[in-house]
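Next up, protein.pdb (PDB, C-alpha atoms):
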```
ATOM      1  CA  MET A  22       3.421 -12.057  20.709  1.00  0.00           C
ATOM      2  CA  THR A  23       2.184  -9.452  18.241  1.00  0.00           C
ATOM      3  CA  THR A  24       2.606  -9.806  14.509  1.00  0.00           C
ATOM      4  CA  SER A  25       3.788  -6.791  12.553  1.00  0.00           C
ATOM      5  CA  LYS A  26       2.040  -5.557   9.435  1.00  0.00           C
ATOM      6  CA  GLN A  27       5.152  -6.484   7.429  1.00  0.00           C
ATOM      7  CA  ASP A  28       5.083 -10.034   8.803  1.00  0.00           C
ATOM      8  CA  GLN A  29       1.398 -10.327   7.886  1.00  0.00           C
ATOM      9  CA  THR A  30       2.077  -9.154   4.344  1.00  0.00           C
ATOM     10  CA  GLU A  31       4.958 -11.590   3.940  1.00  0.00           C
ATOM     11  CA  ALA A  32       2.756 -14.427   5.166  1.00  0.00           C
ATOM     12  CA  LEU A  33       0.070 -13.545   2.635  1.00  0.00           C
ATOM     13  CA  THR A  34       2.503 -13.288  -0.252  1.00  0.00           C
ATOM     14  CA  LYS A  35       4.743 -16.252   0.426  1.00  0.00           C
ATOM     15  CA  GLY A  36       5.374 -18.741  -2.345  1.00  0.00           C
ATOM     16  CA  ASP A  37       7.194 -18.491  -5.636  1.00  0.00           C
ATOM     17  CA  PHE A  38       4.325 -17.807  -8.039  1.00  0.00           C
ATOM     18  CA  VAL A  39       6.673 -17.610 -11.020  1.00  0.00           C
ATOM     19  CA  GLU A  40       6.729 -21.415 -11.079  1.00  0.00           C
ATOM     20  CA  ALA A  41       3.025 -21.546 -11.971  1.00  0.00           C
ATOM     21  CA  THR A  42       2.204 -23.111 -15.343  1.00  0.00           C
ATOM     22  CA  GLU A  43      -1.518 -22.278 -15.572  1.00  0.00           C
ATOM     23  CA  PRO A  44      -2.395 -18.595 -15.092  1.00  0.00           C
ATOM     24  CA  PHE A  45      -6.084 -18.834 -14.294  1.00  0.00           C
ATOM     25  CA  GLN A  46      -5.504 -21.119 -11.328  1.00  0.00           C
ATOM     26  CA  LEU A  47      -2.916 -18.650 -10.039  1.00  0.00           C
ATOM     27  CA  VAL A  48      -5.290 -15.703 -10.473  1.00  0.00           C
ATOM     28  CA  SER A  49      -8.058 -17.616  -8.691  1.00  0.00           C
ATOM     29  CA  GLU A  50      -5.733 -18.231  -5.744  1.00  0.00           C
ATOM     30  CA  TRP A  51      -4.782 -14.546  -5.648  1.00  0.00           C
ATOM     31  CA  PHE A  52      -8.460 -13.564  -5.703  1.00  0.00           C
ATOM     32  CA  ALA A  53      -9.042 -15.817  -2.694  1.00  0.00           C
ATOM     33  CA  ASP A  54      -6.129 -14.161  -0.889  1.00  0.00           C
ATOM     34  CA  ALA A  55      -7.550 -10.725  -1.718  1.00  0.00           C
ATOM     35  CA  GLN A  56     -10.936 -11.701  -0.271  1.00  0.00           C
ATOM     36  CA  ALA A  57      -9.171 -12.226   3.049  1.00  0.00           C
ATOM     37  CA  SER A  58      -6.930  -9.154   3.019  1.00  0.00           C
ATOM     38  CA  GLU A  59      -8.513  -6.294   1.066  1.00  0.00           C
ATOM     39  CA  PRO A  60     -10.720  -3.963   3.159  1.00  0.00           C
ATOM     40  CA  ASN A  61     -13.042  -3.030   0.261  1.00  0.00           C
ATOM     41  CA  ASP A  62     -14.104  -4.606  -3.035  1.00  0.00           C
ATOM     42  CA  PRO A  63     -11.353  -7.203  -3.586  1.00  0.00           C
ATOM     43  CA  ASN A  64     -13.029  -8.008  -6.919  1.00  0.00           C
ATOM     44  CA  ALA A  65     -12.707  -4.439  -8.260  1.00  0.00           C
ATOM     45  CA  GLY A  66     -10.721  -4.021 -11.453  1.00  0.00           C
ATOM     46  CA  ALA A  67     -10.005  -1.216 -13.888  1.00  0.00           C
ATOM     47  CA  LEU A  68     -11.656  -2.031 -17.219  1.00  0.00           C
ATOM     48  CA  ALA A  69     -10.187  -0.433 -20.338  1.00  0.00           C
ATOM     49  CA  THR A  70     -12.071  -0.087 -23.639  1.00  0.00           C
ATOM     50  CA  VAL A  71     -11.706   2.032 -26.792  1.00  0.00           C
ATOM     51  CA  ASP A  72     -14.244   4.209 -28.581  1.00  0.00           C
ATOM     52  CA  PRO A  73     -14.767   4.163 -32.384  1.00  0.00           C
ATOM     53  CA  ASP A  74     -11.923   6.681 -32.790  1.00  0.00           C
ATOM     54  CA  GLY A  75      -9.526   4.478 -30.831  1.00  0.00           C
ATOM     55  CA  LEU A  76      -9.514   6.797 -27.793  1.00  0.00           C
ATOM     56  CA  PRO A  77      -9.219   4.733 -24.594  1.00  0.00           C
ATOM     57  CA  ASN A  78     -11.663   4.745 -21.697  1.00  0.00           C
ATOM     58  CA  VAL A  79     -11.023   3.202 -18.291  1.00  0.00           C
ATOM     59  CA  ARG A  80     -13.217   2.794 -15.221  1.00  0.00           C
ATOM     60  CA  MET A  81     -13.560   0.533 -12.198  1.00  0.00           C
ATOM     61  CA  VAL A  82     -15.926  -2.437 -12.380  1.00  0.00           C
ATOM     62  CA  LEU A  83     -16.747  -5.295 -10.030  1.00  0.00           C
ATOM     63  CA  VAL A  84     -15.870  -8.677 -11.504  1.00  0.00           C
ATOM     64  CA  ARG A  85     -18.650 -10.986 -10.372  1.00  0.00           C
ATOM     65  CA  GLY A  86     -17.119 -14.271 -11.355  1.00  0.00           C
ATOM     66  CA  LEU A  87     -14.025 -16.144 -12.462  1.00  0.00           C
ATOM     67  CA  ASP A  88     -15.732 -18.908 -14.352  1.00  0.00           C
ATOM     68  CA  ALA A  89     -14.377 -21.487 -16.808  1.00  0.00           C
ATOM     69  CA  GLY A  90     -11.274 -19.436 -17.491  1.00  0.00           C
ATOM     70  CA  GLU A  91     -13.208 -16.190 -18.051  1.00  0.00           C
ATOM     71  CA  PHE A  92     -13.789 -12.945 -16.142  1.00  0.00           C
ATOM     72  CA  VAL A  93     -17.495 -12.072 -15.800  1.00  0.00           C
ATOM     73  CA  PHE A  94     -18.947  -8.617 -15.128  1.00  0.00           C
ATOM     74  CA  TYR A  95     -22.262  -6.809 -15.714  1.00  0.00           C
ATOM     75  CA  THR A  96     -23.288  -3.404 -17.037  1.00  0.00           C
ATOM     76  CA  ASN A  97     -25.785  -1.356 -19.004  1.00  0.00           C
ATOM     77  CA  TYR A  98     -25.301  -2.227 -22.691  1.00  0.00           C
ATOM     78  CA  GLU A  99     -26.377   1.305 -23.665  1.00  0.00           C
ATOM     79  CA  SER A 100     -23.649   2.939 -21.541  1.00  0.00           C
ATOM     80  CA  ALA A 101     -20.362   4.116 -23.044  1.00  0.00           C
ATOM     81  CA  LYS A 102     -18.739   1.013 -21.626  1.00  0.00           C
ATOM     82  CA  GLY A 103     -21.373  -1.316 -23.037  1.00  0.00           C
ATOM     83  CA  ARG A 104     -21.351   0.248 -26.493  1.00  0.00           C
ATOM     84  CA  GLU A 105     -17.561   0.136 -26.721  1.00  0.00           C
ATOM     85  CA  LEU A 106     -17.397  -3.486 -25.604  1.00  0.00           C
ATOM     86  CA  LEU A 107     -20.060  -4.551 -28.094  1.00  0.00           C
ATOM     87  CA  SER A 108     -18.350  -2.628 -30.892  1.00  0.00           C
ATOM     88  CA  ALA A 109     -14.728  -3.644 -30.353  1.00  0.00           C
ATOM     89  CA  GLY A 110     -15.163  -7.081 -28.805  1.00  0.00           C
ATOM     90  CA  LYS A 111     -11.899  -6.559 -26.913  1.00  0.00           C
ATOM     91  CA  ALA A 112     -10.944  -5.161 -23.508  1.00  0.00           C
ATOM     92  CA  ALA A 113      -8.311  -5.112 -20.794  1.00  0.00           C
ATOM     93  CA  LEU A 114      -8.570  -5.435 -17.014  1.00  0.00           C
ATOM     94  CA  VAL A 115      -6.134  -4.695 -14.220  1.00  0.00           C
ATOM     95  CA  PHE A 116      -6.443  -5.666 -10.564  1.00  0.00           C
ATOM     96  CA  HIS A 117      -4.230  -4.110  -7.895  1.00  0.00           C
ATOM     97  CA  TRP A 118      -4.327  -5.430  -4.339  1.00  0.00           C
ATOM     98  CA  LYS A 119      -2.359  -3.045  -2.145  1.00  0.00           C
ATOM     99  CA  SER A 120      -2.597  -5.257   0.931  1.00  0.00           C
ATOM    100  CA  LEU A 121      -0.876  -8.072  -0.982  1.00  0.00           C
ATOM    101  CA  ARG A 122       1.396  -5.922  -3.151  1.00  0.00           C
ATOM    102  CA  ARG A 123       0.156  -7.799  -6.195  1.00  0.00           C
ATOM    103  CA  GLN A 124      -1.198  -6.854  -9.590  1.00  0.00           C
ATOM    104  CA  VAL A 125      -2.829  -8.811 -12.417  1.00  0.00           C
ATOM    105  CA  ARG A 126      -3.213  -7.479 -15.953  1.00  0.00           C
ATOM    106  CA  VAL A 127      -5.567  -9.162 -18.407  1.00  0.00           C
ATOM    107  CA  ARG A 128      -6.180  -8.577 -22.124  1.00  0.00           C
ATOM    108  CA  GLY A 129      -8.585 -10.499 -24.303  1.00  0.00           C
ATOM    109  CA  LEU A 130     -11.866 -10.907 -26.135  1.00  0.00           C
ATOM    110  CA  VAL A 131     -15.297 -10.033 -24.762  1.00  0.00           C
ATOM    111  CA  ALA A 132     -18.715 -11.476 -25.567  1.00  0.00           C
ATOM    112  CA  PRO A 133     -22.172 -11.148 -23.985  1.00  0.00           C
ATOM    113  CA  VAL A 134     -23.214 -13.703 -21.394  1.00  0.00           C
ATOM    114  CA  PRO A 135     -26.225 -15.919 -22.181  1.00  0.00           C
ATOM    115  CA  ALA A 136     -29.585 -14.370 -21.283  1.00  0.00           C
ATOM    116  CA  GLU A 137     -30.366 -17.018 -18.664  1.00  0.00           C
ATOM    117  CA  GLU A 138     -27.055 -16.315 -16.916  1.00  0.00           C
ATOM    118  CA  ALA A 139     -27.787 -12.580 -16.856  1.00  0.00           C
ATOM    119  CA  ASP A 140     -31.305 -13.265 -15.550  1.00  0.00           C
ATOM    120  CA  ALA A 141     -29.983 -15.382 -12.688  1.00  0.00           C
ATOM    121  CA  TYR A 142     -27.418 -12.807 -11.628  1.00  0.00           C
ATOM    122  CA  TYR A 143     -29.873  -9.920 -11.942  1.00  0.00           C
ATOM    123  CA  GLN A 144     -32.368 -11.650  -9.650  1.00  0.00           C
ATOM    124  CA  SER A 145     -29.619 -12.182  -7.049  1.00  0.00           C
ATOM    125  CA  ARG A 146     -29.058  -8.424  -6.720  1.00  0.00           C
ATOM    126  CA  PRO A 147     -30.693  -6.306  -3.993  1.00  0.00           C
ATOM    127  CA  ARG A 148     -34.110  -4.981  -4.996  1.00  0.00           C
ATOM    128  CA  GLY A 149     -32.843  -1.390  -4.993  1.00  0.00           C
ATOM    129  CA  SER A 150     -30.083  -2.304  -7.442  1.00  0.00           C
ATOM    130  CA  ARG A 151     -32.613  -3.960  -9.749  1.00  0.00           C
ATOM    131  CA  ILE A 152     -34.736  -0.792  -9.691  1.00  0.00           C
ATOM    132  CA  GLY A 153     -31.608   1.242 -10.351  1.00  0.00           C
ATOM    133  CA  ALA A 154     -30.882  -0.717 -13.517  1.00  0.00           C
ATOM    134  CA  TRP A 155     -34.224   0.514 -14.872  1.00  0.00           C
ATOM    135  CA  ALA A 156     -33.937   4.073 -13.543  1.00  0.00           C
ATOM    136  CA  SER A 157     -30.399   4.958 -14.650  1.00  0.00           C
ATOM    137  CA  GLN A 158     -29.736   5.878 -18.276  1.00  0.00           C
ATOM    138  CA  GLN A 159     -26.076   5.190 -17.668  1.00  0.00           C
ATOM    139  CA  SER A 160     -23.490   7.550 -19.206  1.00  0.00           C
ATOM    140  CA  ARG A 161     -26.139   9.940 -20.570  1.00  0.00           C
ATOM    141  CA  PRO A 162     -26.654  13.552 -19.412  1.00  0.00           C
ATOM    142  CA  LEU A 163     -28.546  13.990 -16.117  1.00  0.00           C
ATOM    143  CA  GLU A 164     -30.102  17.368 -15.347  1.00  0.00           C
ATOM    144  CA  SER A 165     -30.171  16.889 -11.563  1.00  0.00           C
ATOM    145  CA  ARG A 166     -30.092  14.366  -8.767  1.00  0.00           C
ATOM    146  CA  PHE A 167     -33.814  14.971  -8.350  1.00  0.00           C
ATOM    147  CA  ALA A 168     -34.431  13.750 -11.906  1.00  0.00           C
ATOM    148  CA  LEU A 169     -32.734  10.455 -11.070  1.00  0.00           C
ATOM    149  CA  GLU A 170     -34.713  10.117  -7.837  1.00  0.00           C
ATOM    150  CA  LYS A 171     -37.939  10.687  -9.796  1.00  0.00           C
ATOM    151  CA  GLU A 172     -37.042   7.812 -12.109  1.00  0.00           C
ATOM    152  CA  VAL A 173     -36.324   5.571  -9.129  1.00  0.00           C
ATOM    153  CA  ALA A 174     -39.723   6.466  -7.661  1.00  0.00           C
ATOM    154  CA  ARG A 175     -41.448   5.870 -11.009  1.00  0.00           C
ATOM    155  CA  PHE A 176     -40.047   2.366 -11.432  1.00  0.00           C
ATOM    156  CA  THR A 177     -40.561   1.532  -7.754  1.00  0.00           C
ATOM    157  CA  ALA A 178     -44.256   2.330  -8.234  1.00  0.00           C
ATOM    158  CA  ARG A 179     -44.387   0.472 -11.536  1.00  0.00           C
ATOM    159  CA  PHE A 180     -43.125  -2.801 -10.090  1.00  0.00           C
ATOM    160  CA  GLY A 181     -44.679  -2.450  -6.625  1.00  0.00           C
ATOM    161  CA  ILE A 182     -43.899  -5.512  -4.536  1.00  0.00           C
ATOM    162  CA  GLY A 183     -43.900  -7.858  -7.523  1.00  0.00           C
ATOM    163  CA  GLU A 184     -41.080  -9.368  -9.536  1.00  0.00           C
ATOM    164  CA  ILE A 185     -38.690  -7.000 -11.308  1.00  0.00           C
ATOM    165  CA  PRO A 186     -37.698  -8.342 -14.746  1.00  0.00           C
ATOM    166  CA  ARG A 187     -34.217  -7.746 -16.085  1.00  0.00           C
ATOM    167  CA  PRO A 188     -34.118  -4.824 -18.566  1.00  0.00           C
ATOM    168  CA  GLU A 189     -33.082  -5.914 -22.045  1.00  0.00           C
ATOM    169  CA  HIS A 190     -30.319  -3.298 -22.027  1.00  0.00           C
ATOM    170  CA  TRP A 191     -28.736  -4.668 -18.831  1.00  0.00           C
ATOM    171  CA  SER A 192     -26.621  -7.795 -19.034  1.00  0.00           C
ATOM    172  CA  GLY A 193     -23.105  -9.128 -18.676  1.00  0.00           C
ATOM    173  CA  PHE A 194     -19.889  -9.822 -20.514  1.00  0.00           C
ATOM    174  CA  ARG A 195     -17.327 -12.585 -20.379  1.00  0.00           C
ATOM    175  CA  LEU A 196     -13.719 -11.605 -20.991  1.00  0.00           C
ATOM    176  CA  THR A 197     -11.722 -14.527 -22.386  1.00  0.00           C
ATOM    177  CA  PRO A 198      -8.046 -13.759 -21.731  1.00  0.00           C
ATOM    178  CA  LEU A 199      -5.373 -14.073 -24.389  1.00  0.00           C
ATOM    179  CA  GLU A 200      -2.773 -12.528 -22.082  1.00  0.00           C
ATOM    180  CA  ILE A 201      -2.446 -12.570 -18.287  1.00  0.00           C
ATOM    181  CA  GLU A 202       0.422 -10.898 -16.477  1.00  0.00           C
ATOM    182  CA  CYS A 203       1.031 -11.450 -12.761  1.00  0.00           C
ATOM    183  CA  TRP A 204       3.179  -8.988 -10.825  1.00  0.00           C
ATOM    184  CA  HIS A 205       4.429  -9.071  -7.263  1.00  0.00           C
ATOM    185  CA  ASP A 206       6.233  -6.273  -5.470  1.00  0.00           C
ATOM    186  CA  ARG A 207       9.831  -6.912  -4.424  1.00  0.00           C
ATOM    187  CA  PRO A 208      12.391  -4.662  -2.659  1.00  0.00           C
ATOM    188  CA  PHE A 209      14.162  -1.924  -4.592  1.00  0.00           C
ATOM    189  CA  ARG A 210      11.589  -2.156  -7.405  1.00  0.00           C
ATOM    190  CA  LEU A 211      13.110  -5.451  -8.561  1.00  0.00           C
ATOM    191  CA  HIS A 212       9.616  -6.889  -8.912  1.00  0.00           C
ATOM    192  CA  ASP A 213       8.612 -10.336 -10.138  1.00  0.00           C
ATOM    193  CA  ARG A 214       6.663 -10.333 -13.401  1.00  0.00           C
ATOM    194  CA  VAL A 215       5.405 -13.320 -15.364  1.00  0.00           C
ATOM    195  CA  VAL A 216       3.263 -13.111 -18.486  1.00  0.00           C
ATOM    196  CA  PHE A 217       1.195 -15.899 -20.041  1.00  0.00           C
ATOM    197  CA  ARG A 218       0.115 -15.564 -23.689  1.00  0.00           C
ATOM    198  CA  ARG A 219      -1.831 -17.630 -26.220  1.00  0.00           C
ATOM    199  CA  GLU A 220      -3.097 -17.082 -29.774  1.00  0.00           C
ATOM    200  CA  ASP A 221      -6.715 -18.025 -29.046  1.00  0.00           C
ATOM    201  CA  ALA A 222      -8.867 -19.549 -26.336  1.00  0.00           C
ATOM    202  CA  ALA A 223      -8.115 -23.103 -27.479  1.00  0.00           C
ATOM    203  CA  ALA A 224      -4.341 -22.644 -27.692  1.00  0.00           C
ATOM    204  CA  PRO A 225      -1.931 -23.611 -24.904  1.00  0.00           C
ATOM    205  CA  TRP A 226      -0.419 -20.926 -22.718  1.00  0.00           C
ATOM    206  CA  ARG A 227       3.183 -19.790 -23.217  1.00  0.00           C
ATOM    207  CA  LYS A 228       4.928 -18.394 -20.139  1.00  0.00           C
ATOM    208  CA  GLN A 229       7.694 -15.807 -20.025  1.00  0.00           C
ATOM    209  CA  ARG A 230       9.359 -14.005 -17.171  1.00  0.00           C
ATOM    210  CA  LEU A 231       9.830 -10.254 -17.658  1.00  0.00           C
ATOM    211  CA  TYR A 232      12.223  -7.663 -16.356  1.00  0.00           C
ATOM    212  CA  PRO A 233      10.533  -5.418 -13.758  1.00  0.00           C
TER     213      PRO A 233
END
```

In structure tokens, write the structure found in this file.
Amino acid sequence: MTTSKQDQTEALTKGDFVEATEPFQLVSEWFADAQASEPNDPNAGALATVDPDGLPNVRMVLVRGLDAGEFVFYTNYESAKGRELLSAGKAALVFHWKSLRRQVRVRGLVAPVPAEEADAYYQSRPRGSRIGAWASQQSRPLESRFALEKEVARFTARFGIGEIPRPEHWSGFRLTPLEIECWHDRPFRLHDRVVFRREDAAAPWRKQRLYP
């Protein structure tokens, strides 16, 4: 007997998540579901920051870890994203998994990861990605694709077949959430929404259900 796409979706989204009392455990479970159902980049989220004038920026990033109640991602600290995160110390993330009809919104505080943590992640990346971290002056003007390829060739020659150290300007951030909202699609746009809030990272979570 064949299983319809609707039946598959219902099986993946079963369970009354609004009864959850701890948001990070719920988000971790949803991430695991997304790993099984999303065709591409289940860990991709839209990261929102603000510039010194308060004008928002948003772009997709890959969240590389959900660790100790924090969301971990990596970037060039000299990029627009990196500068805005270092300046404001705050950011927001949103994940949308179409296959599951779920969304998670996160707002909180950001801080750099320890150097040894960044080193370990950097060395786990493919060699080409490590070269790219040296070659790309992220967010700055680029005269041509050829100019970028020249930089890749220059750093490939520089490091040869030896170890590639992590550039000082490339590292990671940890986003500590102060607010997490979980959303699940329901018929007729009568969606389920639950938000968890706390004053600081040491405070207990308060849960509230929201109108869709």

Exercise. Using the chain letters and numbers from the file, which residues does the PyMOL selection byres ((chain A and resi 101) around 12) grab, as a list of chain:residue names?
Worked result: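 Applying the expression gives A:Ala69, A:Thr70, A:Val71, A:Asp72, A:Pro73, A:Pro77, A:Asn78, A:Val79, A:Arg80, A:Thr96, A:Asn97, A:Tyr98, A:Glu99, A:Ser100, A:Lys102, A:Gly103, A:Arg104, A:Glu105, A:Leu106, A:Leu107, A:Ser108, A:Gln158, A:Gln159, A:Ser160, A:Arg161, A:Pro162.
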
Within 7 Å of Arg123 of chain A, counting all atoms listed in the file, which residues show up once you throw out same-chain ones fewer than 2 positions away? Write them as a short mmCIF file (atom, residue, chain, number, x, y, z; two decimals) with C-alpha atoms, keeping the file's coordinate frame, please.
```cif
data_model
loop_
_atom_site.label_atom_id
_atom_site.label_comp_id
_atom_site.auth_asym_id
_atom_site.auth_seq_id
_atom_site.Cartn_x
_atom_site.Cartn_y
_atom_site.Cartn_z
CA HIS A 117 -4.23 -4.11 -7.90
CA TRP A 118 -4.33 -5.43 -4.34
CA LYS A 119 -2.36 -3.04 -2.14
CA LEU A 121 -0.88 -8.07 -0.98
CA VAL A 125 -2.83 -8.81 -12.42
CA TRP A 204 3.18 -8.99 -10.82
CA HIS A 205 4.43 -9.07 -7.26
CA ASP A 206 6.23 -6.27 -5.47
#
```

For this session: Between A:Pro60, A:Gly90, A:Gly149, A:Pro133, single out the one closest to Val173 of chain A, counting only C-alpha atoms.
Result: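 Closest candidate: A:Gly149.
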
Exercise. Atom CA of Pro147 of chain A and atom CA of Gly183 of chain A, how far apart in Å?
Worked result: 13.8 Å

Problem set entry | Option closest in space to His212 of chain A, from A:Leu68, A:Val82, A:Leu231, A:Ala141 [counting only C-alpha atoms] |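 Among A:Leu68, A:Val82, A:Leu231, A:Ala141, it is A:Leu231 that comes nearest to His212 of chain A.
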
Seminar exercise, completed: One decimal place gives the atom CA of His190 of chain A-atom CA of Trp155 of chain A separation as 9.0 Å

Which protein, DNA or RNA residues are at most 10 Å from (-0.8, -18.0, -19.7) in the file's coordinates when you count all atoms listed in the file, listed as a short mmCIF file (atom, residue, chain, number, x, y, z; two decimals) with C-alpha atoms, in the coordinates of the input?
```
data_model
loop_
_atom_site.label_atom_id
_atom_site.label_comp_id
_atom_site.auth_asym_id
_atom_site.auth_seq_id
_atom_site.Cartn_x
_atom_site.Cartn_y
_atom_site.Cartn_z
CA ALA A 41 3.02 -21.55 -11.97
CA THR A 42 2.20 -23.11 -15.34
CA GLU A 43 -1.52 -22.28 -15.57
CA PRO A 44 -2.40 -18.60 -15.09
CA PHE A 45 -6.08 -18.83 -14.29
CA LEU A 47 -2.92 -18.65 -10.04
CA PRO A 198 -8.05 -13.76 -21.73
CA LEU A 199 -5.37 -14.07 -24.39
CA GLU A 200 -2.77 -12.53 -22.08
CA ILE A 201 -2.45 -12.57 -18.29
CA GLU A 202 0.42 -10.90 -16.48
CA CYS A 203 1.03 -11.45 -12.76
CA VAL A 215 5.40 -13.32 -15.36
CA VAL A 216 3.26 -13.11 -18.49
CA PHE A 217 1.20 -15.90 -20.04
CA ARG A 218 0.12 -15.56 -23.69
CA ARG A 219 -1.83 -17.63 -26.22
CA ALA A 224 -4.34 -22.64 -27.69
CA PRO A 225 -1.93 -23.61 -24.90
CA TRP A 226 -0.42 -20.93 -22.72
CA ARG A 227 3.18 -19.79 -23.22
CA LYS A 228 4.93 -18.39 -20.14
CA GLN A 229 7.69 -15.81 -20.02
#
```

Seminar exercise, completed: With distances taken over all atoms listed in the file, the candidate from A:Glu220, A:Pro188, A:Ala89, A:Trp51 nearest Gly129 of chain A is A:Glu220

Exercise. For Arg210 of chain A, which residue among A:Tyr232, A:Phe94, A:Phe176, A:Tyr142 is the nearest when counting all atoms listed in the file?
Worked result: A:Tyr232

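Considering the residues A:Phe209, A:Phe38, A:Tyr143, A:Phe52 and counting all atoms listed in the file, Gly86 of chain A has its shortest atom-to-atom contact with A:Phe52.
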
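What separates atom CA of Val127 of chain A from atom CA of Glu59 of chain A is a distance of 19.9 Å.
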
Problem set entry | Reference answer for the PyMOL selection byres ((chain A and resi 156) around 10), as an MDAnalysis selection string | chainID A and resid 150:155 157:159 168:177

For this session: Let me know the residues the PyMOL selection byres ((chain A and resi 65) around 9) catches in the file above, as a ChimeraX atom specification.
Result: /A:61-64,66-67,81-84,115-117
